[in-house]
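K.L.:
This is the structure I want to talk about, given as structure tokens.
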Amino acid sequence: MTDILQTIKARDPEQNEFHQAVQEVLETVQPVLDRNPEYRQAAVLERVTEPERVIMFRVPWMDDQGQVKVNRGFRIQMNSAIGPYKGGLRFHPSVNLSILKFLAFEQVFKNALTTLSMGGGKGGSDFDPKGKSDNEVMRFCQSFMTELFRHIGPDTDIPAGDIGVGAREIGYLFGMYKRLKNEFTGVLTGKSLNWGGSLIRPEATGYGCVYFASEMLNVQGDSLEGKTCLVSGSGNVAQYTVEKIIEMGGKVVTLSDSSGYVYDEEGIDQEKLAFVMRLKNIRRGRISEYIDKYSEAVYTEADSTLEYNPLWNHKADCAFPSATQNEINGKDARNLVNNGVKLISEGANMPSAPEAVDFFLDHKLLYAPGKAANAGGVAVSGLEMAQNSMRLKWTREEVDERLQLIMKNIHKTCLEASAEYDMEGNYVAGANIGGFVKVVNAMLDQGLV
Ligand code: NDP
Ligand code: 2IT
């Protein structure tokens, strides 16, 4: 195992986020390999950590001033053992190969956990949609799809949204795909409702993450009722996490963006959440504007010189990190536990750094890693694909019911897989083992490809 990690590090020494995601999986699946020598013989670890295909391309576009800009586009087609590549597109200036490979790697196991037939992929660009006009975003998306279209398809690779890619971007991307291929197919998920989208897809990641938290509490005879919750981010995942926590009787006291965070001791209720949704989704403003409207809240500017994030240093029972990778470091993890937090459900992908994960596990927290807790988003993407294929639409209730069932099943899979390897209650091991076994068994069935 250490040999494989050393080889991966030597081959791509700068890909820290990818190494981090791989290391966690390799460590937790070790007992599975010990028990199943045929896996090692078939070099499954070497194969599962190498993408099937990596596509990198130039994305030239013109801004509103007539200046030519050039960004870099990517699609990582990581693993197609159990279905076509499936996973989001991220538009953020930090995007690089390391970040997309970590996300694609996580996606493979997450998608397997949903029980739907989806392989894993991820893509995106270092394009920053912040401060760009709708026309600039449209021209960028059109240029991006002018290359990407030849690599994707409804039975090949089905992208969706992630950070910086929401309904607006999916619309522009879909329009260009349709024009180039002269085909109206379910090649993207997260589409708008009147042209192929699924009800509940916008809500799915946040709702699913709260359903998972509720399942973990259920095991202990507890619930979210009356619990104080910290939520980070204020985008798609954060918004619907807050909506579901409120519905389940919890109280959310924080939200953030990359500029800072708000702390509202009285709780972010439905009316305040509606304000945040308009602020973020329509006006595309900053979370600092929350205190202009609700002066009882406190805004704290982000400070990169601090060794910890003050958002994670408030009295609370539960935390739902819903912004980005490595947003909780070892010090934040200690602060959370010292403030009474007993449950972490990850809406974001890999928001906890390895020291934080170790701390949560050592302190026996109810800790749900992203690949289990945030799988509701891609699960409803899978349901969107099913509806597109049937050319039918399910009701809100029908999709929500399926989502709840899928989250319950993922929770059960994690518990059963962790128990089978004597790590009961360790959701990290459970999620990794549950997803890994399904993927590598399919790979073995299909021979050396
Ligand atoms: P959005 O773009 O809608 O929102 C992202 C939020 O996180 C914004 O508030 C953003 O602030 C903040 N954020 C992003 N990058 C940083 C950063 N480097 N530092 C601080 N804050 C940051 O994205 P989503 O809500 O869709 O995604 C959030 C997380 O959830 C990501 O980790 C994503 O991979 C994960 N996820 C998303 C799914 C989905 O269906 N959308 C499914 C599963 C996981 P700002 O506006 O200032 O950039
Ligand atoms: O990280 C994720 O699971 C997503 N961004 C959603 C992927 C999808 O295909 O819906």
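Following the order of the structure tokens, first chain is A, next is B, and so on, with residues numbered from 1 inside each chain and ligands from 1 in the order they appear.
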Go through the chains and note each residue within 6 Å of ligand 2, using only C-alpha atoms and all ligand atoms, then give the set as a list in words.

P.N.:
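Based on only C-alpha atoms and all ligand atoms, ligand 2 is surrounded within 6 Å by Lys86, Gly87, Gly88, Pro159, Ala160, Gly161, Asp162, Ala375, Gly377, Val378 and Ser381 of chain A.
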
K.L.:
Check which residues fall inside 6 Å of ligand 1 when counting only C-alpha atoms and all ligand atoms, and print them as a list in words.

P.N.:
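Checking only C-alpha atoms and all ligand atoms against ligand 1 at 6 Å gives Gly161, Asp162, Ile163, Gly164, Thr205, Gly233, Ser234, Gly235, Asn236, Val237, Ala238, Ser256, Asp257, Ser258, Ser259, Ser322, Ala323, Thr324, Gln325, Gly347, Ala348, Asn349, Asn374 and Gly377 of chain A.
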
K.L.:
Set the distance at 7 Å and use only C-alpha atoms: which residues neighbour Cys318 (chain A) once local chain neighbours fewer than 6 positions away are removed? I'd like the list as a ChimeraX atom specification.

P.N.:
/A:228-230,341-344

K.L.:
Nearest to Leu366 (chain A) among A:Met216, A:Ile200, A:Ala333, A:Leu89, with distances taken over only C-alpha atoms: which residue is it?

P.N.:
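Between A:Met216, A:Ile200, A:Ala333, A:Leu89, the residue approaching Leu366 (chain A) most closely is A:Met216.
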
K.L.:
Write out as a ChimeraX atom specification which residues come within 10 Å of Asp128 (chain A) when counting only C-alpha atoms, dropping same-chain ones fewer than 4 positions away.

P.N.:
/A:71,90-95,132,137,164

K.L.:
Using only C-alpha atoms, which residues sit within 12 Å of region 171-181 of chain A once same-chain residues fewer than 4 positions away are excluded, as a CSV table (one decimal) with all heavy atoms, in the first residue's frame?

P.N.:
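Below is the file result35.csv, written as the result:
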```
chain,number,residue,atom,x,y,z
A,89,LEU,N,-19.1,19.5,-12.9
A,89,LEU,CA,-18.1,20.4,-13.5
A,89,LEU,C,-17.9,21.6,-12.5
A,89,LEU,O,-18.9,22.1,-12.0
A,89,LEU,CB,-18.6,21.1,-14.8
A,89,LEU,CG,-18.8,20.1,-16.0
A,89,LEU,CD1,-19.5,20.8,-17.1
A,89,LEU,CD2,-17.5,19.5,-16.5
A,124,GLY,N,-14.0,20.6,-15.3
A,124,GLY,CA,-14.2,22.0,-15.0
A,124,GLY,C,-13.2,22.9,-15.6
A,124,GLY,O,-12.5,22.5,-16.6
A,134,ASP,N,-23.7,37.8,-17.6
A,134,ASP,CA,-24.3,36.6,-18.1
A,134,ASP,C,-23.8,36.3,-19.5
A,134,ASP,O,-23.6,35.2,-19.8
A,134,ASP,CB,-25.8,36.8,-18.2
A,134,ASP,CG,-26.5,36.7,-16.8
A,134,ASP,OD1,-25.8,36.4,-15.8
A,134,ASP,OD2,-27.7,37.0,-16.7
A,135,ASN,N,-23.5,37.4,-20.3
A,135,ASN,CA,-23.0,37.1,-21.7
A,135,ASN,C,-21.6,36.5,-21.6
A,135,ASN,O,-21.3,35.7,-22.5
A,135,ASN,CB,-23.0,38.4,-22.5
A,135,ASN,CG,-24.4,38.7,-23.0
A,135,ASN,OD1,-25.2,37.8,-23.3
A,135,ASN,ND2,-24.8,40.0,-23.1
A,136,GLU,N,-20.8,37.0,-20.7
A,136,GLU,CA,-19.5,36.5,-20.6
A,136,GLU,C,-19.5,35.0,-20.2
A,136,GLU,O,-18.8,34.1,-20.8
A,136,GLU,CB,-18.6,37.3,-19.6
A,136,GLU,CG,-18.2,38.6,-20.2
A,136,GLU,CD,-17.5,39.5,-19.2
A,136,GLU,OE1,-17.8,39.5,-18.0
A,136,GLU,OE2,-16.6,40.3,-19.6
A,137,VAL,N,-20.4,34.7,-19.2
A,137,VAL,CA,-20.5,33.3,-18.8
A,137,VAL,C,-21.0,32.4,-20.0
A,137,VAL,O,-20.5,31.3,-20.2
A,137,VAL,CB,-21.4,33.2,-17.6
A,137,VAL,CG1,-21.8,31.8,-17.2
A,137,VAL,CG2,-20.8,33.9,-16.4
A,138,MET,N,-22.0,33.0,-20.7
A,138,MET,CA,-22.5,32.2,-21.9
A,138,MET,C,-21.4,31.9,-22.9
A,138,MET,O,-21.3,30.8,-23.4
A,138,MET,CB,-23.7,33.0,-22.5
A,138,MET,CG,-24.2,32.2,-23.7
A,138,MET,SD,-25.6,33.0,-24.5
A,138,MET,CE,-24.8,34.4,-25.3
A,139,ARG,N,-20.6,33.0,-23.2
A,139,ARG,CA,-19.6,32.8,-24.2
A,139,ARG,C,-18.6,31.8,-23.8
A,139,ARG,O,-18.1,30.9,-24.5
A,139,ARG,CB,-18.9,34.1,-24.6
A,139,ARG,CG,-19.8,35.0,-25.5
A,139,ARG,CD,-19.0,36.1,-26.1
A,139,ARG,NE,-18.5,37.1,-25.2
A,139,ARG,CZ,-19.2,38.1,-24.7
A,139,ARG,NH1,-20.5,38.4,-25.1
A,139,ARG,NH2,-18.7,39.0,-23.8
A,140,PHE,N,-18.2,31.8,-22.5
A,140,PHE,CA,-17.3,30.9,-21.9
A,140,PHE,C,-17.9,29.4,-22.0
A,140,PHE,O,-17.2,28.5,-22.5
A,140,PHE,CB,-16.9,31.2,-20.5
A,140,PHE,CG,-16.0,30.1,-19.9
A,140,PHE,CD1,-14.7,30.1,-20.2
A,140,PHE,CD2,-16.6,29.1,-19.2
A,140,PHE,CE1,-13.9,29.1,-19.7
A,140,PHE,CE2,-15.8,28.0,-18.8
A,140,PHE,CZ,-14.4,28.0,-19.0
A,141,CYS,N,-19.1,29.3,-21.6
A,141,CYS,CA,-19.7,27.9,-21.6
A,141,CYS,C,-19.8,27.4,-23.0
A,141,CYS,O,-19.6,26.2,-23.2
A,141,CYS,CB,-21.1,28.0,-21.0
A,141,CYS,SG,-21.1,28.2,-19.2
A,142,GLN,N,-20.1,28.2,-23.9
A,142,GLN,CA,-20.2,27.8,-25.3
A,142,GLN,C,-18.9,27.3,-25.9
A,142,GLN,O,-18.7,26.3,-26.5
A,142,GLN,CB,-20.8,28.9,-26.2
A,142,GLN,CG,-22.2,29.2,-25.9
A,142,GLN,CD,-22.9,30.3,-26.7
A,142,GLN,OE1,-22.2,31.2,-27.2
A,142,GLN,NE2,-24.2,30.3,-26.8
A,143,SER,N,-17.8,28.1,-25.5
A,143,SER,CA,-16.5,27.7,-26.0
A,143,SER,C,-16.0,26.4,-25.3
A,143,SER,O,-15.5,25.5,-25.9
A,143,SER,CB,-15.5,28.8,-25.7
A,143,SER,OG,-14.2,28.4,-26.0
A,144,PHE,N,-16.3,26.3,-24.0
A,144,PHE,CA,-16.0,25.1,-23.2
A,144,PHE,C,-16.7,23.8,-23.9
A,144,PHE,O,-16.0,22.8,-24.1
A,144,PHE,CB,-16.5,25.3,-21.8
A,144,PHE,CG,-16.1,24.2,-20.8
A,144,PHE,CD1,-14.9,24.2,-20.2
A,144,PHE,CD2,-17.0,23.2,-20.5
A,144,PHE,CE1,-14.5,23.2,-19.3
A,144,PHE,CE2,-16.7,22.2,-19.6
A,144,PHE,CZ,-15.4,22.2,-19.0
A,145,MET,N,-18.0,24.0,-24.2
A,145,MET,CA,-18.7,22.8,-24.8
A,145,MET,C,-18.2,22.5,-26.2
A,145,MET,O,-18.3,21.4,-26.7
A,145,MET,CB,-20.2,23.1,-24.7
A,145,MET,CG,-21.0,21.9,-25.1
A,145,MET,SD,-20.6,20.4,-24.2
A,145,MET,CE,-21.6,20.5,-22.7
A,146,THR,N,-17.7,23.5,-26.9
A,146,THR,CA,-17.3,23.3,-28.3
A,146,THR,C,-16.2,22.2,-28.4
A,146,THR,O,-16.0,21.5,-29.3
A,146,THR,CB,-16.8,24.6,-28.9
A,146,THR,OG1,-17.9,25.6,-28.8
A,146,THR,CG2,-16.4,24.5,-30.4
A,147,GLU,N,-15.4,22.1,-27.3
A,147,GLU,CA,-14.5,21.0,-27.2
A,147,GLU,C,-15.0,19.8,-26.5
A,147,GLU,O,-14.9,18.6,-26.9
A,147,GLU,CB,-13.2,21.5,-26.5
A,147,GLU,CG,-12.2,20.3,-26.3
A,147,GLU,CD,-11.7,19.6,-27.5
A,147,GLU,OE1,-11.6,20.3,-28.6
A,147,GLU,OE2,-11.5,18.4,-27.5
A,148,LEU,N,-15.7,20.1,-25.3
A,148,LEU,CA,-16.1,18.9,-24.5
A,148,LEU,C,-17.1,18.0,-25.1
A,148,LEU,O,-17.1,16.8,-24.9
A,148,LEU,CB,-16.7,19.5,-23.1
A,148,LEU,CG,-17.0,18.4,-22.1
A,148,LEU,CD1,-15.8,17.8,-21.5
A,148,LEU,CD2,-17.9,19.0,-21.0
A,149,PHE,N,-17.9,18.5,-26.1
A,149,PHE,CA,-19.0,17.7,-26.6
A,149,PHE,C,-18.6,16.4,-27.3
A,149,PHE,O,-19.3,15.4,-27.2
A,149,PHE,CB,-19.8,18.6,-27.7
A,149,PHE,CG,-19.3,18.5,-29.1
A,149,PHE,CD1,-19.9,17.6,-30.0
A,149,PHE,CD2,-18.2,19.2,-29.5
A,149,PHE,CE1,-19.4,17.5,-31.3
A,149,PHE,CE2,-17.7,19.2,-30.8
A,149,PHE,CZ,-18.3,18.3,-31.7
A,150,ARG,N,-17.3,16.4,-27.8
A,150,ARG,CA,-16.9,15.2,-28.5
A,150,ARG,C,-16.5,14.1,-27.5
A,150,ARG,O,-16.2,13.0,-28.0
A,150,ARG,CB,-15.8,15.5,-29.5
A,150,ARG,CG,-14.5,16.1,-28.9
A,150,ARG,CD,-13.5,16.5,-29.9
A,150,ARG,NE,-13.5,18.0,-30.2
A,150,ARG,CZ,-13.9,18.5,-31.3
A,150,ARG,NH1,-14.3,17.8,-32.3
A,150,ARG,NH2,-14.0,19.8,-31.5
A,151,HIS,N,-16.4,14.4,-26.3
A,151,HIS,CA,-15.9,13.4,-25.3
A,151,HIS,C,-17.1,12.9,-24.4
A,151,HIS,O,-16.9,12.0,-23.6
A,151,HIS,CB,-14.9,14.0,-24.4
A,151,HIS,CG,-13.8,14.6,-25.1
A,151,HIS,ND1,-12.8,13.9,-25.8
A,151,HIS,CD2,-13.4,15.9,-25.3
A,151,HIS,CE1,-12.0,14.7,-26.4
A,151,HIS,NE2,-12.3,16.0,-26.2
A,152,ILE,N,-18.3,13.5,-24.5
A,152,ILE,CA,-19.4,13.1,-23.6
A,152,ILE,C,-20.6,12.6,-24.4
A,152,ILE,O,-20.6,12.6,-25.6
A,152,ILE,CB,-19.8,14.3,-22.7
A,152,ILE,CG1,-20.3,15.5,-23.5
A,152,ILE,CG2,-18.6,14.8,-21.8
A,152,ILE,CD1,-20.9,16.7,-22.7
A,153,GLY,N,-21.6,12.2,-23.7
A,153,GLY,CA,-22.8,11.7,-24.3
A,153,GLY,C,-23.7,11.0,-23.3
A,153,GLY,O,-23.1,10.6,-22.2
A,154,PRO,N,-25.0,10.8,-23.5
A,154,PRO,CA,-25.9,10.3,-22.5
A,154,PRO,C,-25.5,8.8,-22.1
A,154,PRO,O,-25.9,8.4,-21.0
A,154,PRO,CB,-27.2,10.3,-23.1
A,154,PRO,CG,-27.0,10.5,-24.6
A,154,PRO,CD,-25.7,11.2,-24.7
A,158,ILE,N,-21.8,12.0,-18.4
A,158,ILE,CA,-22.9,12.9,-18.1
A,158,ILE,C,-22.5,13.9,-17.1
A,158,ILE,O,-22.6,13.7,-15.9
A,158,ILE,CB,-24.2,12.1,-17.7
A,158,ILE,CG1,-24.5,11.0,-18.7
A,158,ILE,CG2,-25.3,13.1,-17.5
A,158,ILE,CD1,-23.9,9.7,-18.4
A,159,PRO,N,-21.9,15.1,-17.5
A,159,PRO,CA,-21.6,16.1,-16.5
A,159,PRO,C,-22.8,16.7,-15.8
A,159,PRO,O,-23.9,16.5,-16.2
A,159,PRO,CB,-20.8,17.1,-17.3
A,159,PRO,CG,-20.5,16.4,-18.6
A,159,PRO,CD,-21.6,15.5,-18.8
A,160,ALA,N,-22.5,17.5,-14.7
A,160,ALA,CA,-23.5,18.2,-14.0
A,160,ALA,C,-22.8,19.4,-13.3
A,160,ALA,O,-21.7,19.8,-13.8
A,160,ALA,CB,-24.0,17.3,-12.9
A,161,GLY,N,-23.5,20.0,-12.3
A,161,GLY,CA,-22.9,21.2,-11.7
A,161,GLY,C,-22.0,20.8,-10.5
A,161,GLY,O,-21.9,19.7,-10.0
A,165,VAL,N,-20.9,26.2,-11.0
A,165,VAL,CA,-21.7,25.7,-12.1
A,165,VAL,C,-23.1,25.3,-11.5
A,165,VAL,O,-23.3,24.4,-10.8
A,165,VAL,CB,-21.1,24.5,-12.8
A,165,VAL,CG1,-22.0,24.0,-13.9
A,165,VAL,CG2,-19.7,24.9,-13.4
A,166,GLY,N,-24.1,26.2,-11.9
A,166,GLY,CA,-25.5,25.9,-11.5
A,166,GLY,C,-26.4,25.9,-12.7
A,166,GLY,O,-25.9,25.7,-13.8
A,167,ALA,N,-27.7,26.2,-12.4
A,167,ALA,CA,-28.7,26.1,-13.5
A,167,ALA,C,-28.3,27.0,-14.7
A,167,ALA,O,-28.5,26.6,-15.9
A,167,ALA,CB,-30.0,26.5,-13.0
A,185,THR,N,-30.8,15.2,-25.7
A,185,THR,CA,-30.6,14.0,-24.9
A,185,THR,C,-30.3,14.4,-23.5
A,185,THR,O,-29.9,15.6,-23.2
A,185,THR,CB,-29.5,13.1,-25.4
A,185,THR,OG1,-28.3,13.9,-25.6
A,185,THR,CG2,-29.8,12.4,-26.7
A,186,GLY,N,-30.3,13.4,-22.6
A,186,GLY,CA,-30.0,13.7,-21.2
A,186,GLY,C,-28.5,13.7,-20.9
A,186,GLY,O,-28.0,13.0,-20.1
A,187,VAL,N,-27.8,14.5,-21.7
A,187,VAL,CA,-26.3,14.5,-21.6
A,187,VAL,C,-25.7,15.2,-20.4
A,187,VAL,O,-24.6,15.1,-20.0
A,187,VAL,CB,-25.7,15.1,-22.9
A,187,VAL,CG1,-26.0,16.6,-23.0
A,187,VAL,CG2,-24.2,14.8,-23.0
A,188,LEU,N,-26.6,16.1,-19.8
A,188,LEU,CA,-26.2,16.8,-18.6
A,188,LEU,C,-27.3,16.7,-17.6
A,188,LEU,O,-28.5,16.5,-17.9
A,188,LEU,CB,-26.0,18.3,-18.9
A,188,LEU,CG,-24.9,18.8,-19.8
A,188,LEU,CD1,-25.2,20.1,-20.4
A,188,LEU,CD2,-23.6,18.8,-19.0
A,189,THR,N,-27.0,16.7,-16.3
A,189,THR,CA,-28.0,16.8,-15.2
A,189,THR,C,-28.0,18.1,-14.5
A,189,THR,O,-27.0,18.8,-14.6
A,189,THR,CB,-28.0,15.6,-14.3
A,189,THR,OG1,-26.7,15.6,-13.6
A,189,THR,CG2,-28.1,14.2,-15.0
A,190,GLY,N,-29.1,18.4,-13.8
A,190,GLY,CA,-29.2,19.7,-13.2
A,190,GLY,C,-29.8,20.7,-14.1
A,190,GLY,O,-29.7,21.9,-14.0
A,191,LYS,N,-30.5,20.1,-15.1
A,191,LYS,CA,-31.2,20.9,-16.1
A,191,LYS,C,-32.4,21.6,-15.5
A,191,LYS,O,-32.9,21.2,-14.5
A,191,LYS,CB,-31.6,20.1,-17.3
A,191,LYS,CG,-30.5,19.3,-18.0
A,191,LYS,CD,-30.9,18.5,-19.2
A,191,LYS,CE,-31.7,17.3,-19.0
A,191,LYS,NZ,-31.0,16.3,-18.2
A,192,SER,N,-32.9,22.7,-16.2
A,192,SER,CA,-34.1,23.3,-15.7
A,192,SER,C,-35.3,22.5,-15.9
A,192,SER,O,-35.3,21.6,-16.8
A,192,SER,CB,-34.3,24.7,-16.4
A,192,SER,OG,-33.3,25.6,-15.8
A,193,LEU,N,-36.3,22.7,-15.1
A,193,LEU,CA,-37.5,21.8,-15.0
A,193,LEU,C,-38.2,21.6,-16.3
A,193,LEU,O,-38.7,20.6,-16.7
A,193,LEU,CB,-38.5,22.3,-14.0
A,193,LEU,CG,-38.1,21.9,-12.5
A,193,LEU,CD1,-39.2,22.5,-11.6
A,193,LEU,CD2,-38.0,20.4,-12.4
A,194,ASN,N,-38.3,22.7,-17.1
A,194,ASN,CA,-39.2,22.6,-18.3
A,194,ASN,C,-38.4,22.1,-19.5
A,194,ASN,O,-38.9,22.1,-20.6
A,194,ASN,CB,-39.8,24.0,-18.6
A,194,ASN,CG,-38.8,25.1,-18.8
A,194,ASN,OD1,-37.7,24.9,-18.5
A,194,ASN,ND2,-39.3,26.3,-19.2
A,195,TRP,N,-37.1,21.7,-19.4
A,195,TRP,CA,-36.5,21.1,-20.5
A,195,TRP,C,-35.6,19.9,-20.1
A,195,TRP,O,-34.5,19.7,-20.5
A,195,TRP,CB,-35.7,22.1,-21.4
A,195,TRP,CG,-34.8,23.1,-20.7
A,195,TRP,CD1,-35.2,24.3,-20.2
A,195,TRP,CD2,-33.4,22.9,-20.4
A,195,TRP,NE1,-34.1,24.9,-19.6
A,195,TRP,CE2,-33.0,24.1,-19.7
A,195,TRP,CE3,-32.5,21.9,-20.6
A,195,TRP,CZ2,-31.7,24.3,-19.3
A,195,TRP,CZ3,-31.2,22.1,-20.1
A,195,TRP,CH2,-30.8,23.3,-19.5
A,196,GLY,N,-36.2,19.1,-19.2
A,196,GLY,CA,-35.6,17.8,-18.9
A,196,GLY,C,-35.0,17.6,-17.5
A,196,GLY,O,-34.5,16.6,-17.1
A,197,GLY,N,-35.1,18.7,-16.7
A,197,GLY,CA,-34.6,18.6,-15.3
A,197,GLY,C,-35.5,17.8,-14.4
A,197,GLY,O,-36.6,17.5,-14.7
```

K.L.:
Can you tell me, as a PyMOL selection string, what residues are no more than 9 Å from Glu24 (chain A) when counting only C-alpha atoms, ignoring any on the same chain fewer than 6 positions away?

P.N.:
chain A and resi 354+428-429+432

K.L.:
Enumerate the residues of region 114-193 of chain A with a DSSP assignment of strand (DSSP E or B), computed from the backbone, and present them as number ranges by chain.

P.N.:
A: 120-125, 153, 157-160, 162, 165

K.L.:
Provide the CA of Gln220 (chain A) to CA of Gly435 (chain A) distance in Å, to one decimal place.

P.N.:
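Going from CA of Gln220 (chain A) over to CA of Gly435 (chain A), I get 24.6 Å.
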
K.L.:
CA of Cys414 (chain A) to CA of Pro369 (chain A): how many Å, to one decimal?

P.N.:
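Interatomic distance, CA of Cys414 (chain A) to CA of Pro369 (chain A): 10.4 Å.
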
K.L.:
Nearest to Gly250 (chain A) among A:Ile328, A:Leu306, A:Ala316, A:Leu97, with distances taken over only C-alpha atoms: which residue is it?

P.N.:
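Distance minimum relative to Gly250 (chain A) lands on A:Ala316.
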